[in-house]
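Enquirer: run_10.cif is reproduced below (mmCIF, C-alpha atoms and all ligand atoms).
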data_structure
#
loop_
_atom_site.label_atom_id
_atom_site.label_comp_id
_atom_site.auth_asym_id
_atom_site.auth_seq_id
_atom_site.Cartn_x
_atom_site.Cartn_y
_atom_site.Cartn_z
CA MET C 1 12.18 5.95 -14.26
CA ALA C 2 9.66 8.11 -16.11
CA THR C 3 7.99 11.01 -14.28
CA ASP C 4 4.60 9.44 -15.06
CA ASN C 5 5.53 6.41 -13.07
CA ASN C 6 6.71 8.59 -10.18
CA THR C 7 3.33 10.31 -10.10
CA ILE C 8 1.53 6.99 -10.06
CA LEU C 9 3.81 5.71 -7.31
CA ASN C 10 2.80 8.66 -5.16
CA GLU C 11 -0.90 8.55 -5.93
CA ILE C 12 -1.98 4.97 -5.65
CA PRO C 13 -2.00 3.09 -2.37
CA ILE C 14 1.09 0.93 -2.00
CA ILE C 15 0.51 -0.93 1.21
CA SER C 16 2.81 -3.23 3.10
CA VAL C 17 1.32 -5.39 5.86
CA CYS C 18 3.99 -5.95 8.50
CA GLY C 19 4.50 -7.11 12.06
CA LYS C 20 5.91 -9.78 14.30
CA GLY C 21 5.73 -13.39 13.17
CA GLY C 22 2.32 -15.01 13.47
CA VAL C 23 0.30 -11.88 14.33
CA GLY C 24 -2.04 -12.27 11.35
CA LYS C 25 -0.33 -10.42 8.48
CA THR C 26 -1.39 -12.97 5.89
CA VAL C 27 -4.96 -13.22 7.17
CA ILE C 28 -5.42 -9.46 7.13
CA SER C 29 -3.68 -9.12 3.74
CA ALA C 30 -6.12 -11.68 2.34
CA LEU C 31 -9.19 -9.94 3.78
CA LEU C 32 -7.99 -6.49 2.80
CA SER C 33 -7.14 -7.54 -0.74
CA ARG C 34 -10.59 -9.07 -1.13
CA THR C 35 -12.10 -5.80 0.08
CA LEU C 36 -10.07 -3.78 -2.43
CA ILE C 37 -10.87 -6.08 -5.33
CA GLU C 38 -14.60 -6.13 -4.54
CA THR C 39 -14.70 -2.36 -4.76
CA LYS C 40 -13.62 -0.14 -7.61
CA ASN C 41 -9.96 -0.28 -6.60
CA LYS C 42 -8.97 -2.84 -9.14
CA PRO C 43 -6.89 -4.23 -10.59
CA VAL C 44 -4.77 -4.74 -7.50
CA LEU C 45 -1.26 -6.11 -7.48
CA LEU C 46 -0.83 -8.59 -4.66
CA VAL C 47 2.69 -9.38 -3.57
CA ASP C 48 3.43 -12.40 -1.46
CA ALA C 49 6.75 -11.20 -0.08
CA ASP C 50 7.13 -13.91 2.52
CA PRO C 51 9.95 -16.13 1.19
CA VAL C 52 8.04 -19.21 2.32
CA GLY C 53 4.74 -17.93 0.93
CA GLY C 54 1.44 -17.25 2.64
CA LEU C 55 -0.87 -14.90 0.80
CA THR C 56 -0.80 -17.08 -2.29
CA SER C 57 -2.60 -19.97 -0.59
CA ALA C 58 -4.72 -17.71 1.64
CA VAL C 59 -6.35 -16.25 -1.48
CA GLY C 60 -6.45 -19.59 -3.30
CA VAL C 61 -4.02 -18.90 -6.14
CA LYS C 62 -1.74 -21.60 -7.48
CA VAL C 63 1.70 -20.24 -8.19
CA VAL C 64 3.89 -22.07 -10.66
CA ASP C 65 7.01 -20.04 -10.06
CA THR C 66 8.22 -17.16 -7.93
CA LEU C 67 10.10 -14.07 -9.03
CA ALA C 68 13.24 -15.20 -7.23
CA GLY C 69 12.76 -18.76 -8.47
CA VAL C 70 12.71 -17.69 -12.10
CA ARG C 71 15.70 -15.51 -11.50
CA ASN C 72 17.68 -18.21 -9.70
CA LYS C 73 17.12 -20.61 -12.60
CA PHE C 74 18.18 -17.97 -15.07
CA ILE C 75 21.41 -17.28 -13.22
CA GLU C 76 22.18 -21.00 -12.88
CA GLU C 77 21.86 -21.37 -16.63
CA ALA C 78 24.13 -18.38 -17.08
CA ARG C 79 26.73 -20.03 -14.84
CA LYS C 80 26.60 -23.20 -16.88
CA GLY C 81 27.27 -21.13 -19.95
CA VAL C 82 23.81 -21.57 -21.43
CA LYS C 83 23.43 -17.83 -21.14
CA SER C 84 26.58 -15.91 -21.90
CA ASP C 85 26.62 -12.98 -19.53
CA ILE C 86 25.81 -13.49 -15.84
CA GLU C 87 25.63 -9.80 -15.08
CA GLN C 88 23.11 -9.39 -17.84
CA ALA C 89 21.13 -12.35 -16.51
CA ALA C 90 20.70 -10.63 -13.19
CA ASP C 91 19.03 -7.69 -14.92
CA GLN C 92 16.30 -9.48 -16.80
CA LEU C 93 13.54 -8.26 -14.51
CA ASP C 94 10.86 -8.09 -17.21
CA TYR C 95 11.55 -11.70 -18.09
CA PHE C 96 11.35 -12.80 -14.45
CA ILE C 97 8.08 -10.94 -13.94
CA LEU C 98 6.58 -12.31 -17.14
CA ASN C 99 7.26 -15.84 -15.93
CA ALA C 100 6.17 -15.38 -12.34
CA LEU C 101 3.17 -13.01 -12.47
CA VAL C 102 -0.21 -14.71 -12.12
CA GLU C 103 -2.92 -12.64 -13.78
CA ARG C 104 -6.59 -12.97 -12.86
CA GLU C 105 -9.78 -10.96 -13.19
CA GLY C 106 -9.36 -7.93 -10.91
CA PHE C 107 -5.89 -8.72 -9.62
CA SER C 108 -2.46 -10.10 -10.32
CA LEU C 109 -0.25 -11.90 -7.84
CA LEU C 110 3.50 -11.95 -7.64
CA ALA C 111 5.14 -14.36 -5.22
CA MET C 112 8.68 -13.30 -4.35
CA GLY C 113 10.17 -16.62 -3.22
CA HIS C 114 13.72 -16.48 -1.97
CA THR C 115 16.93 -15.63 -3.72
CA ASN C 116 20.03 -17.79 -3.43
CA ASP C 117 22.07 -15.47 -1.31
CA LYS C 118 25.46 -16.65 -2.52
CA GLY C 119 26.58 -14.60 -5.47
CA CYS C 120 23.30 -12.77 -5.48
CA PHE C 121 23.54 -9.68 -7.69
CA CYS C 122 20.26 -8.26 -6.63
CA PRO C 123 18.96 -8.89 -3.12
CA ALA C 124 15.32 -9.91 -2.77
CA ASN C 125 14.25 -6.55 -1.40
CA LYS C 126 15.78 -4.65 -4.29
CA LEU C 127 14.08 -7.08 -6.62
CA LEU C 128 10.74 -6.34 -4.95
CA ARG C 129 11.18 -2.61 -5.25
CA SER C 130 12.12 -2.88 -8.93
CA ALA C 131 9.20 -5.20 -9.63
CA ILE C 132 6.77 -2.68 -8.10
CA GLU C 133 8.26 0.06 -10.26
CA VAL C 134 7.95 -1.99 -13.42
CA LEU C 135 4.38 -3.11 -12.77
CA ILE C 136 2.82 -0.12 -11.04
CA SER C 137 1.29 1.63 -14.04
CA SER C 138 -1.10 -1.27 -14.68
CA PHE C 139 -2.65 -1.25 -11.19
CA LYS C 140 -4.80 0.88 -8.91
CA GLY C 141 -3.23 -0.42 -5.74
CA VAL C 142 -0.48 -2.67 -4.43
CA LEU C 143 -0.72 -4.82 -1.33
CA ILE C 144 2.33 -6.59 0.03
CA ASP C 145 2.10 -9.38 2.59
CA ALA C 146 5.52 -8.83 4.11
CA GLU C 147 7.96 -11.17 5.73
CA ALA C 148 7.76 -11.30 9.56
CA GLY C 149 9.86 -8.81 11.49
CA ILE C 150 11.74 -5.82 10.18
CA GLU C 151 13.92 -7.33 7.44
CA GLN C 152 11.82 -5.87 4.62
CA ILE C 153 11.47 -2.49 6.31
CA ASN C 154 14.40 -0.99 4.56
CA ARG C 155 14.85 1.75 2.05
CA ASP C 156 14.76 -0.55 -0.94
CA VAL C 157 11.17 -1.54 -0.33
CA THR C 158 9.62 1.14 1.83
CA VAL C 159 10.72 4.01 -0.35
CA ARG C 160 7.83 2.96 -2.60
CA VAL C 161 5.38 2.00 0.14
CA ASN C 162 3.10 4.85 1.21
CA ARG C 163 1.12 2.96 3.86
CA VAL C 164 2.64 0.54 6.34
CA ILE C 165 -0.01 -1.49 8.12
CA VAL C 166 1.45 -2.93 11.30
CA ILE C 167 -0.45 -5.79 12.86
CA ILE C 168 -0.21 -6.22 16.60
CA ASP C 169 -1.75 -8.67 19.01
CA ALA C 170 -1.83 -7.98 22.72
CA SER C 171 1.75 -9.26 23.16
CA GLN C 172 4.61 -7.04 24.17
CA ARG C 173 6.78 -8.45 21.40
CA SER C 174 4.29 -7.36 18.75
CA MET C 175 4.42 -3.85 20.29
CA ASP C 176 8.22 -3.94 20.27
CA THR C 177 8.15 -4.77 16.56
CA LEU C 178 5.68 -1.90 15.99
CA LEU C 179 8.02 0.49 17.76
CA MET C 180 10.99 -0.68 15.70
CA ILE C 181 9.04 -0.20 12.48
CA GLU C 182 7.87 3.20 13.65
CA LYS C 183 11.47 4.27 14.22
CA MET C 184 12.34 3.17 10.71
CA VAL C 185 9.47 4.59 8.66
CA GLY C 186 7.90 7.24 10.92
CA ALA C 187 4.51 7.15 12.65
CA GLU C 188 2.68 9.06 9.87
CA LYS C 189 3.03 6.22 7.38
CA ILE C 190 1.76 3.63 9.84
CA ALA C 191 -1.74 2.36 10.47
CA VAL C 192 -1.94 -0.12 13.33
CA ILE C 193 -4.43 -2.98 13.33
CA ALA C 194 -4.94 -5.04 16.46
CA ASN C 195 -5.74 -8.64 15.60
CA ARG C 196 -7.41 -11.18 17.88
CA VAL C 197 -7.50 -8.74 20.76
CA PRO C 198 -10.54 -9.17 23.00
CA ALA C 199 -12.72 -6.05 23.21
CA ASP C 200 -12.23 -5.74 26.99
CA ILE C 201 -8.44 -5.42 26.74
CA LYS C 202 -7.22 -1.86 26.82
CA LEU C 203 -4.44 -1.37 24.30
CA THR C 204 -1.79 1.23 24.83
CA LEU C 205 0.39 1.69 21.79
CA PRO C 206 4.07 2.24 22.50
CA GLY C 207 4.65 5.17 20.13
CA LYS C 208 2.77 7.75 18.08
CA ALA C 209 1.28 5.52 15.39
CA GLU C 210 -2.51 5.40 15.37
CA LEU C 211 -4.75 2.38 15.95
CA TYR C 212 -7.18 2.02 13.04
CA GLY C 213 -9.22 -0.87 14.30
CA ILE C 214 -9.52 -4.27 15.88
CA VAL C 215 -10.10 -7.55 14.05
CA PRO C 216 -11.77 -10.07 16.33
CA GLU C 217 -10.69 -13.64 16.91
CA ASP C 218 -12.90 -15.51 14.47
CA GLU C 219 -13.68 -19.23 14.70
CA GLU C 220 -14.98 -19.46 11.14
CA LEU C 221 -11.79 -17.95 9.74
CA LYS C 222 -9.69 -20.24 11.89
CA LYS C 223 -11.58 -23.26 10.54
CA TYR C 224 -11.06 -22.13 6.93
CA ASP C 225 -7.34 -21.72 7.56
CA ARG C 226 -7.11 -25.06 9.35
CA GLU C 227 -8.81 -26.84 6.47
CA GLY C 228 -6.84 -24.93 3.82
CA VAL C 229 -9.90 -23.22 2.36
CA PRO C 230 -8.98 -19.85 0.79
CA LEU C 231 -10.05 -16.94 2.98
CA TRP C 232 -11.55 -15.23 -0.05
CA GLU C 233 -14.32 -17.81 0.21
CA LEU C 234 -15.44 -16.62 3.65
CA PRO C 235 -19.08 -15.47 3.65
CA ALA C 236 -19.68 -11.75 3.16
CA ASP C 237 -20.99 -11.38 6.71
CA ASN C 238 -17.91 -12.90 8.35
CA ALA C 239 -17.05 -10.77 11.40
CA ALA C 240 -13.31 -10.51 10.69
CA LEU C 241 -13.95 -9.58 7.06
CA LEU C 242 -16.45 -6.89 8.10
CA ALA C 243 -13.93 -5.49 10.61
CA VAL C 244 -11.27 -5.28 7.89
CA LYS C 245 -13.77 -3.57 5.56
CA GLY C 246 -14.43 -0.97 8.24
CA ILE C 247 -10.70 -0.38 8.61
CA ALA C 248 -10.32 -0.05 4.82
CA VAL C 249 -12.94 2.72 4.88
CA LYS C 250 -11.13 4.46 7.74
CA LEU C 251 -7.89 4.22 5.78
CA GLY C 252 -9.62 5.90 2.83
CA LEU C 253 -8.97 2.88 0.63
CA VAL C 254 -12.65 2.28 -0.09
CA SER C 255 -15.74 4.41 0.47
N1 LIG C 301 -8.63 -12.86 13.48
C1 LIG C 301 -8.28 -14.14 13.53
N2 LIG C 301 -9.15 -15.07 14.02
C2 LIG C 301 -8.80 -16.37 14.09
N3 LIG C 301 -7.62 -16.86 13.72
C3 LIG C 301 -6.70 -15.99 13.22
C4 LIG C 301 -6.99 -14.59 13.12
N4 LIG C 301 -5.90 -13.98 12.60
C5 LIG C 301 -4.99 -14.94 12.41
N5 LIG C 301 -5.46 -16.15 12.77
C6 LIG C 301 -4.73 -17.44 12.71
O1 LIG C 301 -3.45 -17.24 13.26
C7 LIG C 301 -2.46 -17.93 12.51
C8 LIG C 301 -1.40 -16.96 12.04
O2 LIG C 301 -1.99 -16.04 11.13
P1 LIG C 301 -1.18 -15.54 9.85
O3 LIG C 301 -0.63 -16.69 9.10
O4 LIG C 301 -2.03 -14.57 9.13
O5 LIG C 301 0.01 -14.78 10.59
P2 LIG C 301 1.29 -14.12 9.91
O6 LIG C 301 1.59 -12.89 10.67
O7 LIG C 301 1.09 -13.99 8.45
O8 LIG C 301 2.39 -15.24 10.21
P3 LIG C 301 3.87 -15.32 9.59
O9 LIG C 301 4.69 -14.36 10.36
O10 LIG C 301 4.27 -16.74 9.83
O11 LIG C 301 3.78 -14.98 8.13
C9 LIG C 301 -3.21 -18.63 11.38
O12 LIG C 301 -3.40 -19.96 11.71
C10 LIG C 301 -4.52 -17.90 11.29
O13 LIG C 301 -5.59 -18.73 10.89
MG MG C 302 2.25 -14.70 6.83
#
Let's see the structure in the file written out as structure tokens.

Expert:
Amino acid sequence: MATDNNTILNEIPIISVCGKGGVGKTVISALLSRTLIETKNKPVLLVDADPVGGLTSAVGVKVVDTLAGVRNKFIEEARKGVKSDIEQAADQLDYFILNALVEREGFSLLAMGHTNDKGCFCPANKLLRSAIEVLISSFKGVLIDAEAGIEQINRDVTVRVNRVIVIIDASQRSMDTLLMIEKMVGAEKIAVIANRVPADIKLTLPGKAELYGIVPEDEELKKYDREGVPLWELPADNAALLAVKGIAVKLGLVS
């Protein structure tokens, strides 16, 4: 990889939003990405890294194909002999990206999908890392809505991520996941966001990672999600959106 790219990788925010299942990763990714795009930090690369998808619909983008989906098809064709060299097929990252990347004003979105594990030459996480490296020079920031748990917190992906946002709720299990992530990436990289935690609950974080803010339980947001309305359409004065904006300022992502 060119030195230029390495510099970019170190300078622009590459954020992964992680945490236990159901804590609000997708909601906060959607609100944070809207915040980034509405400020000067664009274009932003959004990555829906949940194999079953989430961010894609939360922001109201229709995805025709996923990175892994394009790749799976390509490899199947190679197996049938349509393409001659299977090994070569597994390396066609530019082709996969070209067919899966959705480009819009101010942002692009890449949905990862899931790889067929059998005979997989390039595991999904390695694919994600490589995709970030290929695309990075065209963007001012990257935001990844990660898969639940710690599966994606491995060297392949996090070596490129410079900010890991860990979402917690008041549950012990969400704290356990935070602690596991902290052990893997170190407290310095982590910014903790407490989601849906009532103001009167005193939160004690299990490790050294710092709490950057609290996003309130929000009925309007819940209604949008229930009715399948993209969260980017929430009004500008929505309380959860404003809380996320405040956190983005604290994180130094917007001024
Ligand atoms: N601040 C909030 N106020 C109201 N509802 C919320 C809030 N945050 C999340 N929710 C609701 O909680 C549910 C789970 O949120 P979300 O899908 O963002 O979690 P997740 O961590 O991405 O889940 P998964 O692990 O399945 O990907 C959704 O129905 C969402 O509408
Ligand atoms: Mg999700």

Enquirer: Rounded to one decimal place, report the atom CA of C:Tyr212-atom CA of C:Ala194 distance in Å.

Expert: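 Computing it gives 8.2 Å between the two atoms.
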
Enquirer: Dump as a Markdown table the rows for residues of chain C within 6 Å of ligand LIG 301 (chain C): closest atom pair and distance in Å with one decimal, all atoms listed in the file counted, ordered by chain and rising residue number.

Expert:
| residue | atom | partner | partner_atom | distance |
| --- | --- | --- | --- | --- |
| C:Gly21 | CA | C:LIG301 | O9 | 3.1 |
| C:Gly22 | CA | C:LIG301 | O8 | 3.3 |
| C:Val23 | CA | C:LIG301 | O6 | 4.0 |
| C:Gly24 | CA | C:LIG301 | O4 | 3.2 |
| C:Lys25 | CA | C:LIG301 | O6 | 3.8 |
| C:Thr26 | CA | C:LIG301 | O4 | 3.7 |
| C:Val27 | CA | C:LIG301 | O4 | 3.8 |
| C:Ala148 | CA | C:LIG301 | O9 | 4.4 |
| C:Asn195 | CA | C:LIG301 | N1 | 5.5 |
| C:Arg196 | CA | C:LIG301 | N1 | 4.9 |
| C:Val215 | CA | C:LIG301 | N1 | 5.5 |
| C:Pro216 | CA | C:LIG301 | N1 | 5.1 |
| C:Glu217 | CA | C:LIG301 | N2 | 3.6 |
| C:Asp218 | CA | C:LIG301 | N2 | 3.8 |
| C:Glu219 | CA | C:LIG301 | C2 | 5.7 |
| C:Leu221 | CA | C:LIG301 | C2 | 5.5 |
| C:Lys222 | CA | C:LIG301 | N3 | 4.4 |
| C:Asp225 | CA | C:LIG301 | O13 | 4.8 |
| C:Ala240 | CA | C:LIG301 | N1 | 5.9 |

Enquirer: Can you work out which one of C:Ala100, C:Ala209, C:Ile190, C:Ala146 has the shortest atom-to-atom distance to ligand MG 302 (chain C), counting all atoms listed in the file?

Expert: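 Of C:Ala100, C:Ala209, C:Ile190, C:Ala146, the one nearest ligand MG 302 (chain C), counting all atoms listed in the file, is C:Ala146.
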
Enquirer: Residues within 12 Å of ligand MG 302 (chain C), counting all atoms listed in the file: report them as a PDB file with C-alpha atoms, keeping the file's coordinate frame.

Expert:
ATOM      1  CA  VAL C  17       1.320  -5.390   5.860  1.00  0.00           C
ATOM      2  CA  CYS C  18       3.990  -5.950   8.500  1.00  0.00           C
ATOM      3  CA  GLY C  19       4.500  -7.110  12.060  1.00  0.00           C
ATOM      4  CA  LYS C  20       5.910  -9.780  14.300  1.00  0.00           C
ATOM      5  CA  GLY C  21       5.730 -13.390  13.170  1.00  0.00           C
ATOM      6  CA  GLY C  22       2.320 -15.010  13.470  1.00  0.00           C
ATOM      7  CA  VAL C  23       0.300 -11.880  14.330  1.00  0.00           C
ATOM      8  CA  GLY C  24      -2.040 -12.270  11.350  1.00  0.00           C
ATOM      9  CA  LYS C  25      -0.330 -10.420   8.480  1.00  0.00           C
ATOM     10  CA  THR C  26      -1.390 -12.970   5.890  1.00  0.00           C
ATOM     11  CA  VAL C  27      -4.960 -13.220   7.170  1.00  0.00           C
ATOM     12  CA  ILE C  28      -5.420  -9.460   7.130  1.00  0.00           C
ATOM     13  CA  SER C  29      -3.680  -9.120   3.740  1.00  0.00           C
ATOM     14  CA  ALA C  30      -6.120 -11.680   2.340  1.00  0.00           C
ATOM     15  CA  VAL C  47       2.690  -9.380  -3.570  1.00  0.00           C
ATOM     16  CA  ASP C  48       3.430 -12.400  -1.460  1.00  0.00           C
ATOM     17  CA  ALA C  49       6.750 -11.200  -0.080  1.00  0.00           C
ATOM     18  CA  ASP C  50       7.130 -13.910   2.520  1.00  0.00           C
ATOM     19  CA  PRO C  51       9.950 -16.130   1.190  1.00  0.00           C
ATOM     20  CA  VAL C  52       8.040 -19.210   2.320  1.00  0.00           C
ATOM     21  CA  GLY C  53       4.740 -17.930   0.930  1.00  0.00           C
ATOM     22  CA  GLY C  54       1.440 -17.250   2.640  1.00  0.00           C
ATOM     23  CA  LEU C  55      -0.870 -14.900   0.800  1.00  0.00           C
ATOM     24  CA  THR C  56      -0.800 -17.080  -2.290  1.00  0.00           C
ATOM     25  CA  SER C  57      -2.600 -19.970  -0.590  1.00  0.00           C
ATOM     26  CA  ALA C  58      -4.720 -17.710   1.640  1.00  0.00           C
ATOM     27  CA  ILE C 144       2.330  -6.590   0.030  1.00  0.00           C
ATOM     28  CA  ASP C 145       2.100  -9.380   2.590  1.00  0.00           C
ATOM     29  CA  ALA C 146       5.520  -8.830   4.110  1.00  0.00           C
ATOM     30  CA  GLU C 147       7.960 -11.170   5.730  1.00  0.00           C
ATOM     31  CA  ALA C 148       7.760 -11.300   9.560  1.00  0.00           C
ATOM     32  CA  GLY C 149       9.860  -8.810  11.490  1.00  0.00           C
ATOM     33  CA  ILE C 167      -0.450  -5.790  12.860  1.00  0.00           C
ATOM     34  CA  ASP C 225      -7.340 -21.720   7.560  1.00  0.00           C
TER      35      ASP C 225
END

Enquirer: Fewer than 4 positions away in the same chain doesn't count, so skip those; otherwise give me all residues within 12 Å of C:Asp65, counting only C-alpha atoms, as number ranges by chain.

Expert: C: 53, 56, 61, 69-73, 96-102, 109-114

Enquirer: So, with all atoms listed in the file as the atoms that count, which of C:Gln92, C:Ser255, C:Thr39, C:Thr204 lies closest to C:Val134?

Expert: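 Result for the nearest residue to C:Val134: C:Gln92.
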
Enquirer: Pick from C:Ile153, C:Leu45, C:Gly106, C:Ala191: nearest to C:Ala131, with all atoms listed in the file counted?

Expert: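 Among C:Ile153, C:Leu45, C:Gly106, C:Ala191, it is C:Leu45 that comes nearest to C:Ala131.
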
Enquirer: Using only the atoms of stretch 244-252 of chain C listed in the file, plus 8 Å on each side, state the axis-aligned box centre and edge lengths in Å rounded to one decimal, as AutoDock Vina command-line options.

Expert:
--center_x -11.2 --center_y 0.3 --center_z 5.7 --size_x 22.5 --size_y 27.2 --size_z 21.8

Enquirer: Work out how far apart atom CA of C:Leu241 and atom CA of C:Lys189 are and give it in Å to one decimal.

Expert: 23.2 Å

Enquirer: Would you compute the distance between atom CA of C:Met184 and atom CA of C:Val164? Give it in Å to one decimal.

Expert: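 Atom CA of C:Val164 lies 11.0 Å from atom CA of C:Met184.
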
Enquirer: Report as a Markdown table the residues of stretch 135-163 of chain C within 12 Å of stretch 123-130 of chain C, each with its shortest atom pair and distance in Å (one decimal), using all atoms listed in the file, ordered by chain and increasing residue number.

Expert:
| residue | atom | partner | partner_atom | distance |
| --- | --- | --- | --- | --- |
| C:Leu135 | CA | C:Ser130 | CA | 8.6 |
| C:Ile136 | CA | C:Ser130 | CA | 9.9 |
| C:Val142 | CA | C:Arg129 | CA | 11.7 |
| C:Ile144 | CA | C:Leu128 | CA | 9.8 |
| C:Asp145 | CA | C:Leu128 | CA | 11.9 |
| C:Ala146 | CA | C:Asn125 | CA | 10.6 |
| C:Glu147 | CA | C:Asn125 | CA | 10.6 |
| C:Ile150 | CA | C:Asn125 | CA | 11.9 |
| C:Glu151 | CA | C:Asn125 | CA | 8.9 |
| C:Gln152 | CA | C:Asn125 | CA | 6.5 |
| C:Ile153 | CA | C:Asn125 | CA | 9.1 |
| C:Asn154 | CA | C:Asn125 | CA | 8.2 |
| C:Arg155 | CA | C:Asn125 | CA | 9.0 |
| C:Asp156 | CA | C:Lys126 | CA | 5.4 |
| C:Val157 | CA | C:Arg129 | CA | 5.0 |
| C:Thr158 | CA | C:Arg129 | CA | 8.2 |
| C:Val159 | CA | C:Arg129 | CA | 8.2 |
| C:Arg160 | CA | C:Arg129 | CA | 7.0 |
| C:Val161 | CA | C:Arg129 | CA | 9.2 |

Enquirer: Residues as selected, C-alpha atoms, written as a PDB file, keeping the file's coordinate frame, can you do that?

Expert:
ATOM      1  CA  LEU C 135       4.380  -3.110 -12.770  1.00  0.00           C
ATOM      2  CA  ILE C 136       2.820  -0.120 -11.040  1.00  0.00           C
ATOM      3  CA  VAL C 142      -0.480  -2.670  -4.430  1.00  0.00           C
ATOM      4  CA  ILE C 144       2.330  -6.590   0.030  1.00  0.00           C
ATOM      5  CA  ASP C 145       2.100  -9.380   2.590  1.00  0.00           C
ATOM      6  CA  ALA C 146       5.520  -8.830   4.110  1.00  0.00           C
ATOM      7  CA  GLU C 147       7.960 -11.170   5.730  1.00  0.00           C
ATOM      8  CA  ILE C 150      11.740  -5.820  10.180  1.00  0.00           C
ATOM      9  CA  GLU C 151      13.920  -7.330   7.440  1.00  0.00           C
ATOM     10  CA  GLN C 152      11.820  -5.870   4.620  1.00  0.00           C
ATOM     11  CA  ILE C 153      11.470  -2.490   6.310  1.00  0.00           C
ATOM     12  CA  ASN C 154      14.400  -0.990   4.560  1.00  0.00           C
ATOM     13  CA  ARG C 155      14.850   1.750   2.050  1.00  0.00           C
ATOM     14  CA  ASP C 156      14.760  -0.550  -0.940  1.00  0.00           C
ATOM     15  CA  VAL C 157      11.170  -1.540  -0.330  1.00  0.00           C
ATOM     16  CA  THR C 158       9.620   1.140   1.830  1.00  0.00           C
ATOM     17  CA  VAL C 159      10.720   4.010  -0.350  1.00  0.00           C
ATOM     18  CA  ARG C 160       7.830   2.960  -2.600  1.00  0.00           C
ATOM     19  CA  VAL C 161       5.380   2.000   0.140  1.00  0.00           C
TER      20      VAL C 161
END

Enquirer: Supply stretch 168-183 of chain C as a tab-separated table (two decimals), in the coordinates of the input, with N, CA and C atoms built in where the input has gaps.

Expert:
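Contents of out15.tsv, freshly written:
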chain	number	residue	atom	x	y	z
C	168	ILE	N	-0.65	-5.86	15.25
C	168	ILE	CA	-0.21	-6.22	16.60
C	168	ILE	C	-1.23	-7.18	17.20
C	169	ASP	N	-0.78	-7.99	18.16
C	169	ASP	CA	-1.75	-8.67	19.01
C	169	ASP	C	-1.52	-8.04	20.39
C	170	ALA	N	-1.99	-8.65	21.43
C	170	ALA	CA	-1.83	-7.98	22.72
C	170	ALA	C	-0.42	-8.19	23.30
C	171	SER	N	0.44	-8.93	22.58
C	171	SER	CA	1.75	-9.26	23.16
C	171	SER	C	2.72	-8.08	23.12
C	172	GLN	N	3.61	-8.08	24.10
C	172	GLN	CA	4.61	-7.04	24.17
C	172	GLN	C	5.55	-7.10	22.96
C	173	ARG	N	5.85	-8.32	22.53
C	173	ARG	CA	6.78	-8.45	21.40
C	173	ARG	C	6.19	-7.85	20.12
C	174	SER	N	4.89	-7.96	19.96
C	174	SER	CA	4.29	-7.36	18.75
C	174	SER	C	4.37	-5.83	18.85
C	175	MET	N	4.28	-5.32	20.06
C	175	MET	CA	4.42	-3.85	20.29
C	175	MET	C	5.87	-3.42	20.05
C	176	ASP	N	6.80	-4.28	20.49
C	176	ASP	CA	8.22	-3.94	20.27
C	176	ASP	C	8.52	-3.84	18.78
C	177	THR	N	7.94	-4.80	18.01
C	177	THR	CA	8.15	-4.77	16.56
C	177	THR	C	7.53	-3.50	15.97
C	178	LEU	N	6.33	-3.15	16.44
C	178	LEU	CA	5.68	-1.90	15.99
C	178	LEU	C	6.60	-0.71	16.22
C	179	LEU	N	7.17	-0.65	17.42
C	179	LEU	CA	8.02	0.49	17.76
C	179	LEU	C	9.26	0.54	16.86
C	180	MET	N	9.81	-0.63	16.59
C	180	MET	CA	10.99	-0.68	15.70
C	180	MET	C	10.63	-0.17	14.31
C	181	ILE	N	9.48	-0.62	13.82
C	181	ILE	CA	9.04	-0.20	12.48
C	181	ILE	C	8.78	1.31	12.46
C	182	GLU	N	8.18	1.77	13.53
C	182	GLU	CA	7.87	3.20	13.65
C	182	GLU	C	9.15	4.05	13.59
C	183	LYS	N	10.18	3.54	14.25
C	183	LYS	CA	11.47	4.27	14.22
C	183	LYS	C	12.04	4.30	12.82
